[in-house]
>>> print(open('data.tsv').read())   # TSV, C-alpha atoms and all ligand atoms
chain	number	residue	atom	x	y	z
A	196	MET	CA	229.35	126.93	102.99
A	197	THR	CA	227.07	124.70	104.04
A	198	ALA	CA	225.13	121.68	104.79
A	199	SER	CA	222.08	123.75	105.59
A	200	SER	CA	219.23	121.86	107.12
A	201	THR	CA	216.67	124.16	105.47
A	202	SER	CA	217.83	123.79	101.85
A	203	THR	CA	216.61	120.77	99.95
A	204	ARG	CA	218.40	121.54	96.70
A	205	ARG	CA	221.62	119.58	96.10
A	206	SER	CA	224.20	119.49	93.30
A	207	ILE	CA	224.51	115.80	92.46
A	208	VAL	CA	227.35	114.20	90.49
A	209	ARG	CA	225.93	112.62	87.32
A	210	GLY	CA	229.18	111.54	85.69
A	211	CYS	CA	232.88	112.06	85.31
A	212	GLY	CA	235.53	111.75	82.63
A	213	SER	CA	239.17	112.49	81.95
A	214	TYR	CA	241.78	112.68	79.25
A	215	LEU	CA	245.57	112.36	79.21
A	216	PRO	CA	247.57	113.20	76.09
A	217	PRO	CA	249.28	110.08	74.66
A	218	ARG	CA	252.90	111.28	74.90
A	219	VAL	CA	254.46	109.93	78.12
A	220	LEU	CA	257.58	111.47	79.66
A	221	THR	CA	259.24	109.00	82.04
A	222	ASN	CA	261.66	109.69	84.87
A	223	ALA	CA	264.32	107.89	82.81
A	224	GLU	CA	263.86	110.41	79.99
A	225	LEU	CA	264.07	113.29	82.48
A	226	GLU	CA	267.44	111.90	83.61
A	227	THR	CA	268.71	112.79	80.13
A	228	MET	CA	267.38	116.37	80.39
A	229	VAL	CA	268.37	117.56	83.90
A	230	GLU	CA	270.57	116.40	86.78
A	231	THR	CA	268.04	114.06	88.44
A	232	SER	CA	267.34	110.40	88.96
A	233	ASP	CA	264.37	108.07	88.89
A	234	PRO	CA	264.96	106.97	92.52
A	235	TRP	CA	265.07	110.63	93.71
A	236	ILE	CA	261.82	111.51	91.93
A	237	VAL	CA	260.01	108.35	93.08
A	238	GLN	CA	261.21	108.63	96.68
A	239	ARG	CA	260.50	112.38	97.06
A	240	THR	CA	257.25	112.57	95.06
A	241	GLY	CA	255.90	109.15	94.07
A	242	ILE	CA	255.84	110.27	90.41
A	243	ARG	CA	256.97	107.77	87.74
A	244	GLU	CA	255.70	109.40	84.56
A	245	ARG	CA	253.71	112.37	83.28
A	246	HIS	CA	251.88	113.10	80.02
A	247	ILE	CA	252.86	115.95	77.72
A	248	ALA	CA	250.45	117.62	75.31
A	249	ALA	CA	251.45	117.87	71.65
A	250	ALA	CA	251.73	121.33	70.09
A	251	ASP	CA	248.16	121.19	68.77
A	252	GLU	CA	246.75	119.84	72.06
A	253	THR	CA	245.89	123.04	73.85
A	254	THR	CA	244.17	123.14	77.23
A	255	SER	CA	240.74	123.47	75.59
A	256	VAL	CA	241.44	120.39	73.43
A	257	LEU	CA	242.22	118.33	76.55
A	258	GLY	CA	239.29	119.88	78.44
A	259	LEU	CA	236.87	119.14	75.59
A	260	LYS	CA	237.84	115.46	75.56
A	261	ALA	CA	237.36	115.20	79.33
A	262	ALA	CA	234.02	117.04	79.06
A	263	GLN	CA	232.80	114.67	76.32
A	264	ALA	CA	233.83	111.66	78.42
A	265	ALA	CA	231.97	113.06	81.45
A	266	LEU	CA	228.83	113.66	79.36
A	267	ALA	CA	228.98	110.11	77.99
A	268	ASP	CA	229.42	108.74	81.52
A	269	ALA	CA	226.40	110.78	82.66
A	270	GLY	CA	224.31	109.60	79.70
A	271	LEU	CA	223.67	113.22	78.75
A	272	GLU	CA	223.87	115.28	75.55
A	273	ALA	CA	225.86	118.48	75.32
A	274	GLY	CA	222.55	120.36	75.00
A	275	ASP	CA	221.63	119.29	78.53
A	276	ILE	CA	224.41	121.52	79.93
A	277	ASP	CA	223.75	125.19	80.73
A	278	LEU	CA	226.93	126.05	82.64
A	279	ILE	CA	230.60	125.31	81.96
A	280	VAL	CA	233.22	126.25	84.53
A	281	CYS	CA	236.77	125.54	83.43
A	282	ALA	CA	239.46	125.71	86.11
A	283	THR	CA	242.83	126.38	84.51
A	284	SER	CA	246.01	128.39	84.94
A	285	THR	CA	247.22	127.51	81.46
A	286	PRO	CA	244.48	128.90	79.18
A	287	ASP	CA	244.86	128.62	75.40
A	288	TYR	CA	244.91	132.41	75.19
A	289	THR	CA	244.75	135.33	77.61
A	290	PHE	CA	241.20	135.57	76.28
A	291	PRO	CA	238.67	134.29	75.25
A	292	ALA	CA	238.14	131.92	78.13
A	293	THR	CA	239.12	128.30	77.54
A	294	ALA	CA	235.61	127.36	78.72
A	295	THR	CA	234.10	129.10	75.68
A	296	GLN	CA	236.28	126.98	73.37
A	297	ILE	CA	235.11	123.84	75.18
A	298	GLN	CA	231.55	125.12	74.80
A	299	MET	CA	232.09	125.61	71.06
A	300	GLY	CA	233.68	122.16	70.74
A	301	LEU	CA	230.58	120.68	72.34
A	302	GLY	CA	228.43	122.50	69.77
A	303	LEU	CA	226.74	124.65	72.40
A	304	GLN	CA	225.67	128.25	71.93
A	305	GLY	CA	223.52	128.71	75.03
A	306	GLY	CA	224.15	128.99	78.72
A	307	ALA	CA	227.26	130.40	80.35
A	308	ALA	CA	230.90	129.38	80.11
A	309	PHE	CA	233.80	130.93	81.99
A	310	ASP	CA	237.26	130.17	83.35
A	311	LEU	CA	238.28	130.21	86.96
A	312	GLN	CA	241.85	130.50	88.17
A	313	ALA	CA	242.86	129.14	91.55
A	314	VAL	CA	245.86	127.11	90.32
A	315	CYS	CA	245.95	123.62	91.90
A	316	THR	CA	242.84	124.42	93.97
A	317	GLY	CA	240.97	125.33	90.78
A	318	PHE	CA	238.81	122.21	90.65
A	319	ILE	CA	237.61	122.70	94.24
A	320	TYR	CA	236.83	126.36	93.47
A	321	GLY	CA	235.05	125.20	90.30
A	322	VAL	CA	232.90	122.68	92.18
A	323	ALA	CA	232.05	125.31	94.82
A	324	THR	CA	231.13	127.87	92.14
A	325	ALA	CA	229.00	125.50	90.09
A	326	ASP	CA	227.32	124.25	93.28
A	327	LYS	CA	226.29	127.79	94.20
A	328	PHE	CA	224.88	128.42	90.70
A	329	LEU	CA	222.85	125.19	90.88
A	330	LEU	CA	221.65	125.87	94.43
A	331	SER	CA	220.49	129.33	93.40
A	332	GLY	CA	218.21	127.79	90.77
A	333	SER	CA	219.71	129.85	87.93
A	334	HIS	CA	221.25	126.81	86.18
A	335	ARG	CA	220.39	123.09	86.06
A	336	ARG	CA	223.43	121.16	84.83
A	337	ALA	CA	227.06	122.18	85.04
A	338	LEU	CA	230.23	120.79	83.57
A	339	VAL	CA	233.13	121.45	85.93
A	340	VAL	CA	236.36	120.97	84.02
A	341	GLY	CA	239.94	121.04	85.30
A	342	ALA	CA	242.32	121.23	82.34
A	343	GLU	CA	246.00	122.12	82.20
A	344	THR	CA	249.07	122.16	80.00
A	345	PHE	CA	251.68	122.93	82.67
A	346	SER	CA	254.39	121.61	80.33
A	347	ARG	CA	254.03	124.99	78.57
A	348	ILE	CA	254.96	127.01	81.68
A	349	VAL	CA	257.50	124.71	83.30
A	350	ASP	CA	261.15	125.76	83.11
A	351	TRP	CA	262.64	122.59	81.62
A	352	THR	CA	266.09	123.51	82.96
A	353	ASP	CA	264.89	123.70	86.61
A	354	ARG	CA	265.11	120.20	88.13
A	355	GLY	CA	263.34	121.41	91.28
A	356	THR	CA	260.08	121.88	89.37
A	357	CYS	CA	260.19	120.27	85.92
A	358	VAL	CA	260.08	116.71	87.26
A	359	LEU	CA	256.82	117.41	89.11
A	360	PHE	CA	254.30	118.59	86.55
A	361	GLY	CA	252.30	117.16	83.64
A	362	ASP	CA	249.36	117.82	81.34
A	363	GLY	CA	245.82	116.45	81.45
A	364	ALA	CA	242.14	117.16	82.02
A	365	GLY	CA	239.20	115.86	84.00
A	366	ALA	CA	235.55	116.83	84.33
A	367	ILE	CA	232.39	116.09	86.26
A	368	VAL	CA	228.75	116.82	85.52
A	369	LEU	CA	226.80	118.31	88.42
A	370	GLU	CA	223.01	118.34	88.24
A	371	ALA	CA	220.53	120.17	90.44
A	372	GLY	CA	218.54	117.64	92.45
A	373	GLU	CA	216.71	117.33	95.72
A	374	GLY	CA	217.81	116.26	99.17
A	375	ASP	CA	216.33	116.54	102.63
A	376	GLY	CA	219.07	118.81	103.94
A	377	LYS	CA	220.88	116.06	105.83
A	378	ALA	CA	224.42	114.72	105.57
A	379	SER	CA	222.93	111.50	104.18
A	380	ASP	CA	221.86	113.40	101.01
A	381	ARG	CA	223.60	112.69	97.74
A	382	GLY	CA	225.46	115.65	96.28
A	383	VAL	CA	227.85	118.39	97.36
A	384	LEU	CA	227.47	118.59	101.15
A	385	THR	CA	229.92	121.42	101.80
A	386	THR	CA	232.77	123.32	100.16
A	387	GLN	CA	235.47	125.22	102.04
A	388	LEU	CA	237.50	127.82	100.11
A	389	ARG	CA	240.49	129.77	101.44
A	390	SER	CA	243.21	132.02	100.04
A	391	ASP	CA	246.08	134.16	101.30
A	392	GLY	CA	247.94	136.36	98.84
A	393	ARG	CA	250.90	136.95	101.15
A	394	TYR	CA	252.37	133.66	99.91
A	395	ARG	CA	252.62	134.71	96.25
A	396	ASP	CA	256.40	134.33	96.05
A	397	ARG	CA	256.38	130.69	97.22
A	398	LEU	CA	254.62	129.48	94.08
A	399	TYR	CA	254.02	131.72	91.07
A	400	VAL	CA	254.61	132.27	87.36
A	401	ASP	CA	257.11	135.02	86.60
A	402	GLY	CA	255.19	136.51	83.69
A	403	GLY	CA	251.75	137.61	82.57
A	404	PRO	CA	249.88	139.99	80.26
A	405	GLY	CA	249.73	142.82	82.80
A	406	SER	CA	253.31	142.64	84.06
A	407	THR	CA	255.97	141.29	81.71
A	408	GLY	CA	253.83	140.79	78.63
A	409	THR	CA	255.17	137.24	78.46
A	410	THR	CA	253.73	133.90	79.55
A	411	GLY	CA	256.50	133.31	82.08
A	412	HIS	CA	257.68	130.19	83.91
A	413	LEU	CA	256.61	128.46	87.08
A	414	ARG	CA	258.73	129.19	90.17
A	415	MET	CA	258.36	127.37	93.48
A	416	GLU	CA	259.92	127.11	96.92
A	417	GLY	CA	259.03	123.44	97.21
A	418	ARG	CA	259.95	122.93	100.85
A	419	ASP	CA	257.81	125.90	102.00
A	420	VAL	CA	254.86	124.74	99.92
A	421	PHE	CA	255.17	121.24	101.35
A	422	LYS	CA	255.06	122.46	104.96
A	423	PHE	CA	252.18	124.86	104.39
A	424	ALA	CA	250.26	122.27	102.37
A	425	VAL	CA	249.93	119.59	105.04
A	426	GLY	CA	248.79	121.99	107.78
A	427	LYS	CA	246.28	123.88	105.68
A	428	VAL	CA	244.62	120.98	103.91
A	429	VAL	CA	244.15	119.25	107.23
A	430	ASP	CA	242.41	122.42	108.52
A	431	VAL	CA	239.92	122.67	105.64
A	432	VAL	CA	239.14	118.97	105.75
A	433	ARG	CA	238.41	119.24	109.48
A	434	GLU	CA	236.23	122.30	108.80
A	435	ALA	CA	234.25	120.31	106.23
A	436	PHE	CA	233.71	117.57	108.80
A	437	ALA	CA	232.70	120.08	111.49
A	438	GLU	CA	230.22	121.76	109.11
A	439	THR	CA	228.47	118.50	108.25
A	440	GLY	CA	228.74	116.63	111.54
A	441	LEU	CA	230.66	113.88	109.74
A	442	GLY	CA	234.14	112.55	110.51
A	443	PRO	CA	237.01	110.57	109.03
A	444	GLU	CA	235.29	107.34	110.07
A	445	ASP	CA	232.33	108.19	107.77
A	446	LEU	CA	234.55	108.69	104.74
A	447	ASP	CA	234.65	106.12	101.94
A	448	TRP	CA	237.30	107.87	99.82
A	449	PHE	CA	239.85	110.64	100.26
A	450	VAL	CA	240.72	112.10	96.84
A	451	PRO	CA	243.33	114.83	97.32
A	452	HIS	CA	245.11	117.03	94.81
A	453	GLN	CA	247.78	114.81	93.28
A	454	ALA	CA	250.99	116.81	93.80
A	455	ASN	CA	253.20	114.57	95.88
A	456	ARG	CA	252.59	111.16	97.48
A	457	ARG	CA	254.35	112.26	100.69
A	458	ILE	CA	252.06	115.31	101.12
A	459	ILE	CA	249.00	113.13	100.50
A	460	GLU	CA	250.06	110.43	102.96
A	461	ALA	CA	251.14	112.93	105.64
A	462	SER	CA	247.76	114.69	105.37
A	463	ALA	CA	245.78	111.43	105.49
A	464	ASP	CA	247.79	110.23	108.51
A	465	LYS	CA	247.18	113.50	110.40
A	466	LEU	CA	243.46	113.22	109.67
A	467	GLY	CA	243.30	109.58	110.76
A	468	ILE	CA	242.19	108.41	107.31
A	469	PRO	CA	243.42	104.86	106.61
A	470	ARG	CA	245.72	104.50	103.60
A	471	GLU	CA	243.33	102.08	101.85
A	472	LYS	CA	240.76	104.87	101.58
A	473	VAL	CA	243.20	107.27	99.89
A	474	VAL	CA	243.11	107.53	96.09
A	475	ILE	CA	246.60	108.17	94.73
A	476	THR	CA	247.21	108.46	90.98
A	477	VAL	CA	250.17	110.85	91.03
A	478	GLU	CA	252.60	108.13	89.88
A	479	GLY	CA	250.96	108.04	86.43
A	480	HIS	CA	250.47	111.73	85.65
A	481	GLY	CA	252.43	113.91	88.09
A	482	ASN	CA	250.99	117.20	89.27
A	483	THR	CA	248.41	118.30	86.69
A	484	SER	CA	247.22	121.21	88.85
A	485	ALA	CA	243.43	121.78	88.46
A	486	ALA	CA	243.09	118.54	86.49
A	487	SER	CA	244.52	116.22	89.12
A	488	ILE	CA	241.44	115.69	91.31
A	489	PRO	CA	239.02	114.85	88.47
A	490	LEU	CA	241.70	112.62	86.93
A	491	ALA	CA	241.92	110.72	90.23
A	492	LEU	CA	238.12	110.66	90.63
A	493	ASP	CA	237.74	109.18	87.18
A	494	VAL	CA	240.24	106.41	87.90
A	495	ALA	CA	238.57	105.49	91.20
A	496	ARG	CA	235.11	105.64	89.63
A	497	LYS	CA	236.02	103.50	86.63
A	498	ASP	CA	237.92	100.86	88.66
A	499	GLY	CA	234.87	100.43	90.88
A	500	ARG	CA	236.18	102.02	94.06
A	501	ILE	CA	233.83	105.03	94.15
A	502	LYS	CA	230.19	103.93	94.07
A	503	GLN	CA	226.90	105.78	94.28
A	504	GLY	CA	226.25	106.85	97.86
A	505	ASP	CA	229.94	106.86	98.84
A	506	LEU	CA	231.21	109.80	100.88
A	507	VAL	CA	234.17	111.41	99.09
A	508	MET	CA	236.45	114.16	100.44
A	509	LEU	CA	238.36	116.31	97.95
A	510	GLU	CA	241.09	118.74	98.98
A	511	ALA	CA	243.79	120.83	97.32
A	512	ILE	CA	246.30	123.60	97.78
A	513	GLY	CA	247.88	125.76	95.12
A	514	GLY	CA	249.52	129.04	94.18
A	515	GLY	CA	248.28	132.16	95.92
A	516	PHE	CA	248.13	130.36	98.24
A	517	THR	CA	244.66	129.03	97.64
A	518	TRP	CA	243.32	125.93	99.34
A	519	GLY	CA	240.05	124.20	99.96
A	520	SER	CA	237.98	121.07	100.38
A	521	ALA	CA	234.74	119.66	99.01
A	522	LEU	CA	232.74	116.90	100.68
A	523	ILE	CA	230.50	115.05	98.25
A	524	ARG	CA	228.19	112.10	98.61
A	525	TRP	CA	228.51	110.47	95.19
B	1	LIG	O1	250.48	121.65	93.66
B	1	LIG	C1	250.85	122.35	94.82
B	1	LIG	C2	252.19	122.87	94.67
B	1	LIG	N1	253.31	122.00	94.73
B	1	LIG	C3	253.59	121.07	95.66
B	1	LIG	O2	252.77	120.59	96.37
B	1	LIG	C4	255.03	120.67	95.80
B	1	LIG	C5	255.47	120.81	97.21
B	1	LIG	N2	256.83	120.44	97.44
B	1	LIG	C6	257.35	119.19	97.18
B	1	LIG	O3	256.67	118.32	96.68
B	1	LIG	C7	258.77	118.92	97.59
B	1	LIG	O4	259.26	120.00	98.35
B	1	LIG	C8	259.72	118.68	96.38
B	1	LIG	C9	259.37	117.34	95.75
B	1	LIG	C10	259.59	119.80	95.38
B	1	LIG	C11	261.15	118.60	96.89
B	1	LIG	O5	261.28	117.63	97.88
B	1	LIG	P1	262.03	117.99	99.24
B	1	LIG	O6	262.11	116.76	100.02
B	1	LIG	O7	261.34	119.18	99.83
B	1	LIG	O8	263.47	118.34	98.71
B	1	LIG	P2	264.29	119.70	98.86
B	1	LIG	O9	263.65	120.78	98.06
B	1	LIG	O10	264.52	119.92	100.30
B	1	LIG	O11	265.65	119.30	98.14
B	1	LIG	C12	266.49	118.27	98.66
B	1	LIG	C13	267.70	118.17	97.74
B	1	LIG	C14	268.33	119.49	97.40
B	1	LIG	O12	269.72	119.31	97.40
B	1	LIG	P3	270.60	119.78	98.66
B	1	LIG	O13	270.34	121.26	98.78
B	1	LIG	O14	270.11	118.98	99.81
B	1	LIG	O15	272.00	119.43	98.22
B	1	LIG	C15	267.86	119.79	96.01
B	1	LIG	O16	268.76	120.58	95.27
B	1	LIG	O17	267.30	117.58	96.48
B	1	LIG	C16	267.79	118.40	95.42
B	1	LIG	N3	266.86	118.31	94.29
B	1	LIG	C17	266.92	117.32	93.38
B	1	LIG	N4	267.76	116.26	93.25
B	1	LIG	C18	267.54	115.43	92.21
B	1	LIG	C19	265.83	119.12	93.98
B	1	LIG	N5	265.21	118.68	92.88
B	1	LIG	C20	265.87	117.56	92.49
B	1	LIG	C21	265.70	116.64	91.42
B	1	LIG	N6	266.54	115.60	91.33
B	1	LIG	N7	264.71	116.78	90.53
>>> encode(input="data.tsv", output="structure tokens")
Amino acid sequence: MTASSTSTRRSIVRGCGSYLPPRVLTNAELETMVETSDPWIVQRTGIRERHIAAADETTSVLGLKAAQAALADAGLEAGDIDLIVCATSTPDYTFPATATQIQMGLGLQGGAAFDLQAVCTGFIYGVATADKFLLSGSHRRALVVGAETFSRIVDWTDRGTCVLFGDGAGAIVLEAGEGDGKASDRGVLTTQLRSDGRYRDRLYVDGGPGSTGTTGHLRMEGRDVFKFAVGKVVDVVREAFAETGLGPEDLDWFVPHQANRRIIEASADKLGIPREKVVITVEGHGNTSAASIPLALDVARKDGRIKQGDLVMLEAIGGGFTWGSALIRW
């Protein structure tokens, strides 16, 4: 969906925030845990360090801190929020939803709060979902949170995956506002969501409440994911451009899912997006799944790169496979 010329309602970004747990795990420390090396990790992925949540820092704890930072950035009170969508694949518990624990932490009893699971594409799915709620008129202000503790599901003996992932959270506040239905409007201009369950075995967790009764560990065929990733994210970015009549030349910032510097750069090159417009933060936090895009947004917002009125393209791919893009005028 849509940059409809008849709709004047738009979901406008009011603020963003993020949180990384203080404990840093460097590539050098990983060298003492598995057969790997700092040069291999940096050359293949661009990752230098990742953050690891302490035992009492559950996903909702990280998500709450990011949500509070986003509210402060927006100049809003918790009571101004009537919808919380938390994208996560590492919930505190099977239920209740992590979003309800964030809601409680914010001191809120009203509105709606739920989790959404699309793995690394979770934040894009969350933005799309919140956007549709706001466009419908049923809700006014949404917190979209991406929060993960992938350190809990990584197999720390598998060098092919454990060097890639980290913990963290990010959030944005979306507010229902008005536009004139044109691509020059501020707000979410289009979201493109895709999924294809035939690829389950390329990237999955080998446990769950309905199958093994365990939490399980992340398993990935990295090379297959890499190949699929570049092709598919390029497709959904092009579809977002086609939908809105915009193109790479109109873009101020490309803020992709932060999984691997090589995937990001290959995608940007294929799309004709110059490297200086690409926001890359993967070196400092690794792949934080649904949290990686809002973490990157927050960095680029706070360091002055993303400014009001800038055109920002988000894209991601994750387990399922799921993939998608969101084009936002900030
Ligand atoms: O969030 C979305 C999901 N995830 C992704 O986007 C990840 C997608 N995939 C990737 O980022 C890359 O495929 C990896 C970074 C996982 C791997 O890079 P690659 O260039 O595809 O390497 P590879 O899997 O082809 O492995 C090359 C070699 C292998 O050795 P042989 O078979 O050539 O002897 C691996 O065993 O590198 C070896 N290797 C390692 N060596 C040192 C794999 N992991 C490591 C490691 N340290 N950590």
>>> closest_residue(input="data.tsv", among="A:Gly426, A:Pro216, A:Gly442, A:Gly519", to="Gly361 (chain A)", atoms="all atoms listed in the file")
A:Pro216
>>> atom_distance(input="data.tsv", atom1="atom O11 of ligand LIG 1 (chain B)", atom2="CA of Thr231 (chain A)")
11.3 Å
>>> closest_residue(input="data.tsv", among="A:Ile247, A:Ala495, A:Val428, A:Ala264", to="ligand LIG 1 (chain B)", atoms="only C-alpha atoms and all ligand atoms")
A:Val428
>>> closest_residue(input="data.tsv", among="A:Ile297, A:Ala461, A:Ala265, A:Val280", to="ligand LIG 1 (chain B)", atoms="only C-alpha atoms and all ligand atoms")
A:Ala461
>>> residues_near_ligand(input="data.tsv", ligand="ligand LIG 1 (chain B)", cutoff="6 Å", atoms="only C-alpha atoms and all ligand atoms", output="number ranges by chain")
A: 231-232, 235, 239-240, 315, 354-355, 358, 417-418, 420-421, 454-455, 484, 512-513
